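*Asks:* What follows is final.txt; its format and atoms are compact mmCIF, C-alpha atoms.
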```txt
# COMPACT_ATOMS: atom_id res chain seq x y z
CA MET U 215 4.04 -6.62 -19.42
CA ALA U 216 6.19 -7.99 -16.62
CA ARG U 217 4.50 -10.67 -14.62
CA ALA U 218 3.75 -9.39 -11.12
CA ALA U 219 5.82 -11.25 -8.56
CA THR U 220 3.21 -10.38 -5.97
CA THR U 221 0.89 -13.17 -7.03
CA ALA U 222 3.34 -15.81 -5.81
CA ASP U 223 1.54 -16.56 -2.55
CA ALA U 224 -2.04 -17.18 -1.57
CA PHE U 225 -2.25 -13.91 0.30
CA ASN U 226 -1.67 -11.92 -2.85
CA ALA U 227 -3.62 -14.25 -5.06
CA VAL U 228 -6.79 -13.50 -3.10
CA ALA U 229 -6.18 -9.75 -3.01
CA GLU U 230 -7.67 -9.61 -6.51
CA PRO U 231 -11.48 -9.33 -6.29
CA ARG U 232 -12.13 -11.43 -9.41
CA ARG U 233 -10.04 -14.24 -8.02
CA ARG U 234 -12.03 -14.13 -4.80
CA GLN U 235 -15.18 -14.40 -6.91
CA ILE U 236 -13.76 -17.48 -8.59
CA LEU U 237 -13.02 -19.03 -5.20
CA ASP U 238 -16.54 -18.18 -4.03
CA ALA U 239 -17.95 -19.91 -7.09
CA LEU U 240 -15.74 -22.97 -6.64
CA ALA U 241 -16.67 -23.22 -2.95
CA GLY U 242 -20.03 -24.50 -4.22
CA GLY U 243 -18.37 -27.36 -6.09
CA GLU U 244 -16.28 -28.22 -9.14
CA ARG U 245 -16.91 -26.23 -12.28
CA PRO U 246 -15.66 -26.12 -15.84
CA VAL U 247 -14.12 -22.88 -17.03
CA ASN U 248 -17.21 -22.04 -19.14
CA ASP U 249 -19.35 -21.88 -16.00
CA LEU U 250 -16.96 -19.40 -14.49
CA VAL U 251 -16.88 -17.31 -17.64
CA GLU U 252 -20.65 -17.11 -17.56
CA LEU U 253 -20.84 -16.44 -13.85
CA LEU U 254 -18.26 -13.68 -13.81
CA GLY U 255 -19.11 -12.16 -17.17
CA LEU U 256 -15.43 -12.06 -18.11
CA ALA U 257 -13.65 -13.16 -21.24
CA GLN U 258 -12.35 -16.73 -21.11
CA PRO U 259 -8.67 -15.77 -21.48
CA LEU U 260 -8.97 -13.55 -18.42
CA VAL U 261 -10.70 -16.23 -16.37
CA SER U 262 -8.04 -18.72 -17.46
CA LYS U 263 -5.35 -16.29 -16.39
CA HIS U 264 -6.87 -15.91 -12.94
CA LEU U 265 -7.27 -19.68 -12.67
CA ARG U 266 -3.61 -20.11 -13.55
CA VAL U 267 -2.57 -17.76 -10.72
CA LEU U 268 -4.86 -19.59 -8.30
CA ARG U 269 -3.43 -22.95 -9.38
CA GLU U 270 0.13 -21.71 -8.94
CA VAL U 271 -0.49 -20.95 -5.27
CA GLY U 272 -2.43 -24.19 -4.78
CA LEU U 273 -5.84 -22.62 -4.15
CA VAL U 274 -7.37 -24.28 -7.19
CA GLU U 275 -6.88 -27.79 -8.50
CA VAL U 276 -7.89 -29.17 -11.86
CA ARG U 277 -8.79 -32.58 -13.24
CA ASP U 278 -9.79 -33.90 -16.63
CA ALA U 279 -13.29 -35.32 -16.91
CA GLY U 280 -13.87 -36.54 -20.41
CA ARG U 281 -13.62 -33.53 -22.70
CA GLN U 282 -13.89 -31.06 -19.84
CA ARG U 283 -11.41 -29.77 -17.34
CA LEU U 284 -12.99 -29.29 -13.93
CA TYR U 285 -11.65 -26.78 -11.44
CA ARG U 286 -12.09 -27.14 -7.72
CA LEU U 287 -11.21 -25.23 -4.58
CA ASN U 288 -8.43 -26.27 -2.23
CA ALA U 289 -8.91 -24.04 0.82
CA ALA U 290 -5.79 -25.21 2.71
CA PRO U 291 -3.51 -22.33 1.59
CA LEU U 292 -6.11 -19.92 2.98
CA LYS U 293 -5.68 -21.16 6.53
CA PRO U 294 -2.78 -18.87 7.49
CA ILE U 295 -4.61 -15.89 6.02
CA HIS U 296 -7.76 -16.83 7.81
CA ASP U 297 -5.98 -17.30 11.15
CA TRP U 298 -4.37 -13.95 10.74
CA VAL U 299 -7.42 -11.98 9.81
CA GLN U 300 -9.53 -13.88 12.32
CA ALA U 301 -7.31 -12.78 15.23
CA TYR U 302 -7.58 -9.16 14.15
CA GLN U 303 -11.31 -9.47 13.60
CA ASP U 304 -11.73 -10.98 17.08
CA LEU U 305 -10.04 -7.95 18.60
CA TRP U 306 -12.36 -5.56 16.79
CA THR U 307 -15.39 -7.66 17.66
CA GLU U 308 -14.47 -7.33 21.33
CA ARG U 309 -13.94 -3.60 20.98
CA PHE U 310 -17.25 -3.07 19.22
CA ASN U 311 -19.17 -5.16 21.73
CA ARG U 312 -17.86 -2.86 24.44
CA LEU U 313 -18.68 0.14 22.29
CA ASP U 314 -22.27 -1.16 22.13
CA ALA U 315 -22.45 -0.97 25.93
CA VAL U 316 -21.09 2.59 25.88
CA LEU U 317 -23.64 3.56 23.24
CA THR U 318 -26.55 2.10 25.20
CA GLU U 319 -25.53 4.33 28.06
CA LEU U 320 -25.14 7.41 25.86
CA LYS U 321 -28.56 6.84 24.35
CA ASP U 322 -30.16 6.50 27.80
CA ARG U 323 -28.44 9.66 28.98
CA GLU U 324 -29.60 11.54 25.88
CA ASP U 325 -33.17 10.35 26.42
CA ASP U 326 -33.01 11.57 30.01
CA ASP U 327 -31.62 14.93 28.93
CA GLY U 328 -34.39 15.17 26.38
CA SER U 329 -37.09 14.69 28.98
CA ILE U 330 -35.54 17.35 31.20
CA ASP U 331 -35.40 19.81 28.30
CA SER U 332 -39.00 19.29 27.26
CA MET G 184 -24.60 -10.02 26.52
CA ALA G 185 -23.17 -12.81 24.43
CA ALA G 186 -26.48 -13.13 22.67
CA SER G 187 -26.18 -9.62 21.24
CA THR G 188 -22.60 -10.15 20.06
CA ARG G 189 -22.08 -9.17 16.46
CA SER G 190 -18.90 -9.79 14.62
CA ALA G 191 -16.79 -7.03 13.17
CA GLU G 192 -16.24 -7.57 9.48
CA VAL G 193 -12.60 -7.39 8.48
CA THR G 194 -11.63 -7.53 4.82
CA LEU G 195 -8.43 -6.88 2.89
CA PRO G 196 -9.63 -4.87 -0.14
CA ALA G 197 -6.12 -4.40 -1.51
CA SER G 198 -2.67 -5.63 -0.62
CA THR G 199 -1.94 -2.54 1.50
CA GLN G 200 -5.39 -2.11 3.07
CA ILE G 201 -7.46 -3.37 5.96
CA MET G 202 -11.15 -2.54 6.16
CA ILE G 203 -13.20 -2.93 9.33
CA THR G 204 -16.98 -2.55 9.26
CA ARG G 205 -19.68 -2.80 11.89
CA GLN G 206 -23.22 -1.55 12.36
CA PHE G 207 -24.34 0.03 15.63
CA ASP G 208 -27.81 0.51 17.04
CA ALA G 209 -27.27 4.20 17.73
CA PRO G 210 -27.29 7.52 15.85
CA ARG G 211 -23.95 8.48 14.42
CA HIS G 212 -23.29 11.49 16.64
CA LEU G 213 -23.19 9.07 19.58
CA VAL G 214 -20.94 6.59 17.79
CA TYR G 215 -18.69 9.52 16.92
CA ARG G 216 -18.71 10.66 20.54
CA ALA G 217 -17.80 7.19 21.82
CA TRP G 218 -15.07 6.99 19.19
CA THR G 219 -13.45 10.34 20.07
CA THR G 220 -13.99 10.95 23.81
CA PRO G 221 -11.04 9.80 25.96
CA ASP G 222 -13.13 8.59 28.92
CA LEU G 223 -15.28 6.54 26.55
CA ILE G 224 -12.34 5.24 24.49
CA ARG G 225 -10.92 3.87 27.72
CA ARG G 226 -13.95 1.64 28.03
CA TRP G 227 -13.81 -0.08 24.65
CA TRP G 228 -10.42 0.18 22.97
CA ALA G 229 -8.71 -2.69 24.83
CA GLY G 230 -11.54 -5.11 24.04
CA ASP G 231 -11.26 -8.05 26.45
CA ARG G 232 -7.48 -7.99 26.37
CA GLY G 233 -6.51 -5.63 29.14
CA GLU G 234 -7.01 -2.10 30.38
CA VAL G 235 -6.61 1.18 28.57
CA THR G 236 -4.15 3.14 30.69
CA SER G 237 -4.07 6.29 28.58
CA ALA G 238 -6.23 7.86 25.87
CA GLU G 239 -5.15 11.29 24.64
CA VAL G 240 -7.19 13.01 21.93
CA ASP G 241 -6.50 16.45 20.49
CA LEU G 242 -9.31 16.41 17.97
CA ARG G 243 -8.34 18.99 15.35
CA PRO G 244 -6.36 18.80 12.10
CA GLY G 245 -2.71 18.55 13.10
CA GLY G 246 -3.67 17.45 16.63
CA ARG G 247 -2.15 14.27 18.08
CA TRP G 248 -3.73 11.19 19.58
CA ARG G 249 -2.24 8.35 21.59
CA TYR G 250 -3.82 5.26 23.12
CA VAL G 251 -2.02 2.90 25.50
CA MET G 252 -3.26 -0.36 26.92
CA THR G 253 -1.72 -2.82 29.33
CA ALA G 254 -2.58 -6.23 28.00
CA ASN G 255 -3.56 -9.10 30.27
CA GLY G 256 -0.13 -10.62 29.67
CA GLY G 257 1.44 -7.54 31.27
CA PHE G 258 2.95 -5.97 28.16
CA GLU G 259 2.03 -2.53 26.86
CA VAL G 260 0.51 -1.86 23.46
CA ALA G 261 0.48 1.74 22.25
CA PHE G 262 -0.68 3.49 19.09
CA HIS G 263 -0.40 7.13 18.22
CA GLY G 264 -0.93 9.44 15.27
CA GLU G 265 -2.01 12.81 13.99
CA TYR G 266 -5.41 13.99 12.79
CA ARG G 267 -5.47 15.12 9.20
CA GLU G 268 -9.12 15.78 8.51
CA ILE G 269 -12.11 16.01 10.78
CA VAL G 270 -15.73 16.30 9.73
CA PRO G 271 -17.69 16.08 13.00
CA ASP G 272 -20.05 13.07 13.17
CA GLU G 273 -19.02 12.02 9.65
CA ARG G 274 -15.39 11.35 9.01
CA ILE G 275 -11.98 11.29 10.67
CA VAL G 276 -8.74 10.86 8.76
CA CYS G 277 -5.63 10.35 10.82
CA THR G 278 -2.24 8.74 10.72
CA GLU G 279 -1.72 5.67 12.87
CA VAL G 280 1.52 4.20 14.16
CA PHE G 281 1.86 1.04 16.22
CA GLU G 282 4.69 1.91 18.56
CA GLY G 283 5.99 -1.63 18.34
CA MET G 284 6.99 -0.87 14.74
CA PRO G 285 7.35 2.90 14.48
CA ASP G 286 8.47 2.91 10.85
CA ALA G 287 5.12 1.66 9.61
CA ALA G 288 2.75 4.63 9.58
CA ALA G 289 -0.70 4.02 8.16
CA VAL G 290 -3.50 6.39 7.25
CA SER G 291 -6.81 5.51 8.80
CA THR G 292 -10.17 6.83 7.62
CA ALA G 293 -13.18 6.32 9.86
CA THR G 294 -16.56 6.99 8.26
CA PHE G 295 -19.83 7.21 10.18
CA ALA G 296 -22.96 6.71 8.06
CA GLU G 297 -26.43 6.80 9.60
CA GLN G 298 -29.60 5.27 8.27
CA ASP G 299 -32.83 4.85 10.22
CA GLY G 300 -31.08 5.46 13.51
CA GLN G 301 -28.44 2.81 12.76
CA THR G 302 -24.84 3.77 12.18
CA THR G 303 -22.43 1.94 9.95
CA LEU G 304 -18.86 2.54 10.96
CA THR G 305 -16.22 1.83 8.34
CA VAL G 306 -12.53 2.07 9.14
CA LEU G 307 -10.16 1.84 6.22
CA VAL G 308 -6.49 1.47 7.18
CA GLU G 309 -4.09 2.13 4.33
CA HIS G 310 -0.45 1.15 4.74
CA THR G 311 2.44 2.13 2.51
CA SER G 312 3.43 -1.47 1.89
CA GLN G 313 1.96 -4.93 2.17
CA GLU G 314 4.65 -5.90 4.65
CA HIS G 315 3.53 -3.15 7.01
CA ARG G 316 -0.10 -4.05 6.53
CA ASP G 317 0.62 -7.65 7.39
CA MET G 318 2.57 -6.67 10.49
CA HIS G 319 -0.28 -4.44 11.55
CA LEU G 320 -2.63 -7.42 11.44
CA ASN G 321 -0.38 -9.04 14.05
CA SER G 322 -0.03 -5.99 16.26
CA GLY G 323 -1.07 -6.46 19.86
CA MET G 324 -1.96 -10.07 19.26
CA GLU G 325 1.16 -11.83 20.38
CA GLU G 326 -0.62 -13.75 23.09
CA GLY G 327 -3.61 -15.90 23.57
CA MET G 328 -4.74 -16.05 20.00
CA ASN G 329 -4.33 -19.74 19.29
CA GLU G 330 -7.82 -21.03 19.03
CA SER G 331 -7.84 -24.80 18.92
CA PHE G 332 -10.83 -25.27 16.68
CA ASP G 333 -10.47 -26.09 13.08
CA HIS G 334 -10.16 -22.88 11.10
CA LEU G 335 -10.18 -24.71 7.84
CA GLU G 336 -13.76 -25.75 8.31
CA GLN G 337 -14.66 -22.10 8.88
CA VAL G 338 -12.81 -21.04 5.78
CA ALA G 339 -14.78 -23.44 3.69
CA ALA G 340 -18.02 -22.33 5.32
CA SER G 341 -17.24 -18.66 4.86
CA LEU G 342 -16.63 -19.13 1.18
CA ARG G 343 -20.11 -20.52 0.55
```
Please go through the file and, once you have read it, give me the structure as structure tokens.
*Replies:*
Amino acid sequence: MARAATTADAFNAVAEPRRRQILDALAGGERPVNDLVELLGLAQPLVSKHLRVLREVGLVEVRDAGRQRLYRLNAAPLKPIHDWVQAYQDLWTERFNRLDAVLTELKDREDDDGSIDS
Amino acid sequence: MAASTRSAEVTLPASTQIMITRQFDAPRHLVYRAWTTPDLIRRWWAGDRGEVTSAEVDLRPGGRWRYVMTANGGFEVAFHGEYREIVPDERIVCTEVFEGMPDAAAVSTATFAEQDGQTTLTVLVEHTSQEHRDMHLNSGMEEGMNESFDHLEQVAASLR
């Protein structure tokens, strides 16, 4: 199978839900691959494949500790993604806060109507 | 008012998608009404970034919609599209085009789900390509978005 070119940047690397799970797990600290296998319930070759993609885009770093290899998160490549999504999320947060005010008014009006009807 | 502020949740479920979720303290027929009534759309759609100058809604399959706002910086931001499917109080599927990049049409599905008087609104925006999706994320946000605080710290916190 051809290797997907779309995993070449952090944005695409985190589009895969399993890879986000791995990042979530590593956010709590360094872990050996066996921990991740257990946590995700996936076969080791698959976890290793995801880790390789994450390493290629710099989201995960690895070091040798005795007989183990420990993987850790490097969140820096996520910053542009975060900035991006954050700006969009801020816009929707503003919209929804205003929608809350509209809804409060609609609810009050409906309550009033209800009392007139009854 | 700030005390009651709740954040919209924005996720990117796939490389062409944007998903926006928020819960409202109101039954869904009211959320639906606020979402689809021009006079009410005018009051929320611009957020804190300007004024809605036009909200046209022809709420029927094949009907068109168009929203325009004048942002605080003076520039206009407009979106338009066509309704494809309408289930009153439940679901609206429509196309969505940011007029700043008219080639990138997305399909947007808004779902209104009520439980115990609370309504969860989910908006899934599906683009035809990742490039378009990414441009959409930037739409209407050319100005005033450079927060000075350290995003990295937030990233780390949000991953815990």
*Asks:* Output the contact residues of chain U with respect to chain G at a cut-off of 7 Å, based on only C-alpha atoms, as a list in words.
*Replies:*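 Per the criterion, chain U yields Asn226, Ala229, Asp238, Ala241, Gly242, Ala289, Ala290, Lys293, His296, Asp297, Trp298, Val299, Ala301, Tyr302, Gln303, Leu305, Trp306, Thr307, Glu308, Arg309, Asn311, Arg312, Leu313, Asp314, Val316, Leu317 and Leu320 of chain U.
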*Asks:* I need the chosen residues saved as an mmCIF file, in the frame of the given file, with C-alpha atoms.
*Replies:*
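So selection.cif came out as:
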```cif
data_model
loop_
_atom_site.group_PDB
_atom_site.id
_atom_site.type_symbol
_atom_site.label_atom_id
_atom_site.label_comp_id
_atom_site.auth_asym_id
_atom_site.auth_seq_id
_atom_site.Cartn_x
_atom_site.Cartn_y
_atom_site.Cartn_z
ATOM 1 C CA ASN U 226 -1.670 -11.920 -2.850
ATOM 2 C CA ALA U 229 -6.180 -9.750 -3.010
ATOM 3 C CA ASP U 238 -16.540 -18.180 -4.030
ATOM 4 C CA ALA U 241 -16.670 -23.220 -2.950
ATOM 5 C CA GLY U 242 -20.030 -24.500 -4.220
ATOM 6 C CA ALA U 289 -8.910 -24.040 0.820
ATOM 7 C CA ALA U 290 -5.790 -25.210 2.710
ATOM 8 C CA LYS U 293 -5.680 -21.160 6.530
ATOM 9 C CA HIS U 296 -7.760 -16.830 7.810
ATOM 10 C CA ASP U 297 -5.980 -17.300 11.150
ATOM 11 C CA TRP U 298 -4.370 -13.950 10.740
ATOM 12 C CA VAL U 299 -7.420 -11.980 9.810
ATOM 13 C CA ALA U 301 -7.310 -12.780 15.230
ATOM 14 C CA TYR U 302 -7.580 -9.160 14.150
ATOM 15 C CA GLN U 303 -11.310 -9.470 13.600
ATOM 16 C CA LEU U 305 -10.040 -7.950 18.600
ATOM 17 C CA TRP U 306 -12.360 -5.560 16.790
ATOM 18 C CA THR U 307 -15.390 -7.660 17.660
ATOM 19 C CA GLU U 308 -14.470 -7.330 21.330
ATOM 20 C CA ARG U 309 -13.940 -3.600 20.980
ATOM 21 C CA ASN U 311 -19.170 -5.160 21.730
ATOM 22 C CA ARG U 312 -17.860 -2.860 24.440
ATOM 23 C CA LEU U 313 -18.680 0.140 22.290
ATOM 24 C CA ASP U 314 -22.270 -1.160 22.130
ATOM 25 C CA VAL U 316 -21.090 2.590 25.880
ATOM 26 C CA LEU U 317 -23.640 3.560 23.240
ATOM 27 C CA LEU U 320 -25.140 7.410 25.860
#
```
*Asks:* In Å, with one decimal, what is the gap from CA of Glu265 in chain G to CA of Gly246 in chain G?
*Replies:*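 Those two atoms sit 5.6 Å apart.
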*Asks:* I want to know what sits within 9 Å of Glu282 in chain G, based on all atoms listed in the file, with residues of the same chain fewer than 6 positions away left out; could you give that as a list in words?
*Replies:*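 Everything that qualifies: Val260, Ala261, Phe262 and His263 of chain G.
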*Asks:* Applying 10 Å and only C-alpha atoms, which residues near Glu270 in chain U remain after dropping the ones on its own chain fewer than 3 positions away? List them as a list in words.
*Replies:* Thr221, Ala222, Asp223, Ala224, Ala227, His264, Leu265, Arg266, Val267, Leu273, Val274 and Glu275 of chain U
*Asks:* Give me, please, the distance in Å between CA of Pro294 in chain U and CA of Ala254 in chain G, quoted to one decimal.
*Replies:* 24.1 Å
*Asks:* Could you check how far CA of Gly257 in chain G sits from CA of Asp304 in chain U, in Å to one decimal?
*Replies:*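 Interatomic distance, CA of Gly257 in chain G to CA of Asp304 in chain U: 19.7 Å.
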*Asks:* Check the smallest atom-to-atom distance from each of U:Val247, U:Leu240, U:Val228, U:Leu256 to Asn288 in chain U using only C-alpha atoms, then report the winner.
*Replies:*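 Answer, going by the shortest atom-to-atom distance: U:Leu240.
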*Asks:* For Arg286 in chain U, which residue out of U:Phe225, U:Leu237, U:Glu244, U:Leu253 is the nearest one, using all atoms listed in the file?
*Replies:*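 The answer is U:Glu244, which sits nearest to Arg286 in chain U.
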*Asks:* Hey, can I get the axis-aligned box for range 322-326 of chain U? All listed atoms, 5 Å padding on each side, centre and edge lengths in Å to one decimal, as JSON.
*Replies:*
```
{"center_x": -30.8, "center_y": 9.0, "center_z": 27.9, "size_x": 14.7, "size_y": 15.1, "size_z": 14.1}
```
*Asks:* Within 12 Å of Arg211 in chain G, counting all atoms listed in the file, which residues show up once you throw out same-chain ones fewer than 5 positions away? Write them as a list of chain:residue names, please.
*Replies:*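 What passes the distance filter is U:Leu317, U:Leu320, U:Lys321, G:Gln206, G:Arg216, G:Ala217, G:Trp218, G:Pro271, G:Asp272, G:Glu273, G:Arg274, G:Ala293, G:Thr294, G:Phe295, G:Ala296, G:Glu297, G:Gln298, G:Asp299, G:Gly300, G:Gln301, G:Thr302, G:Thr303, G:Leu304, G:Thr305.
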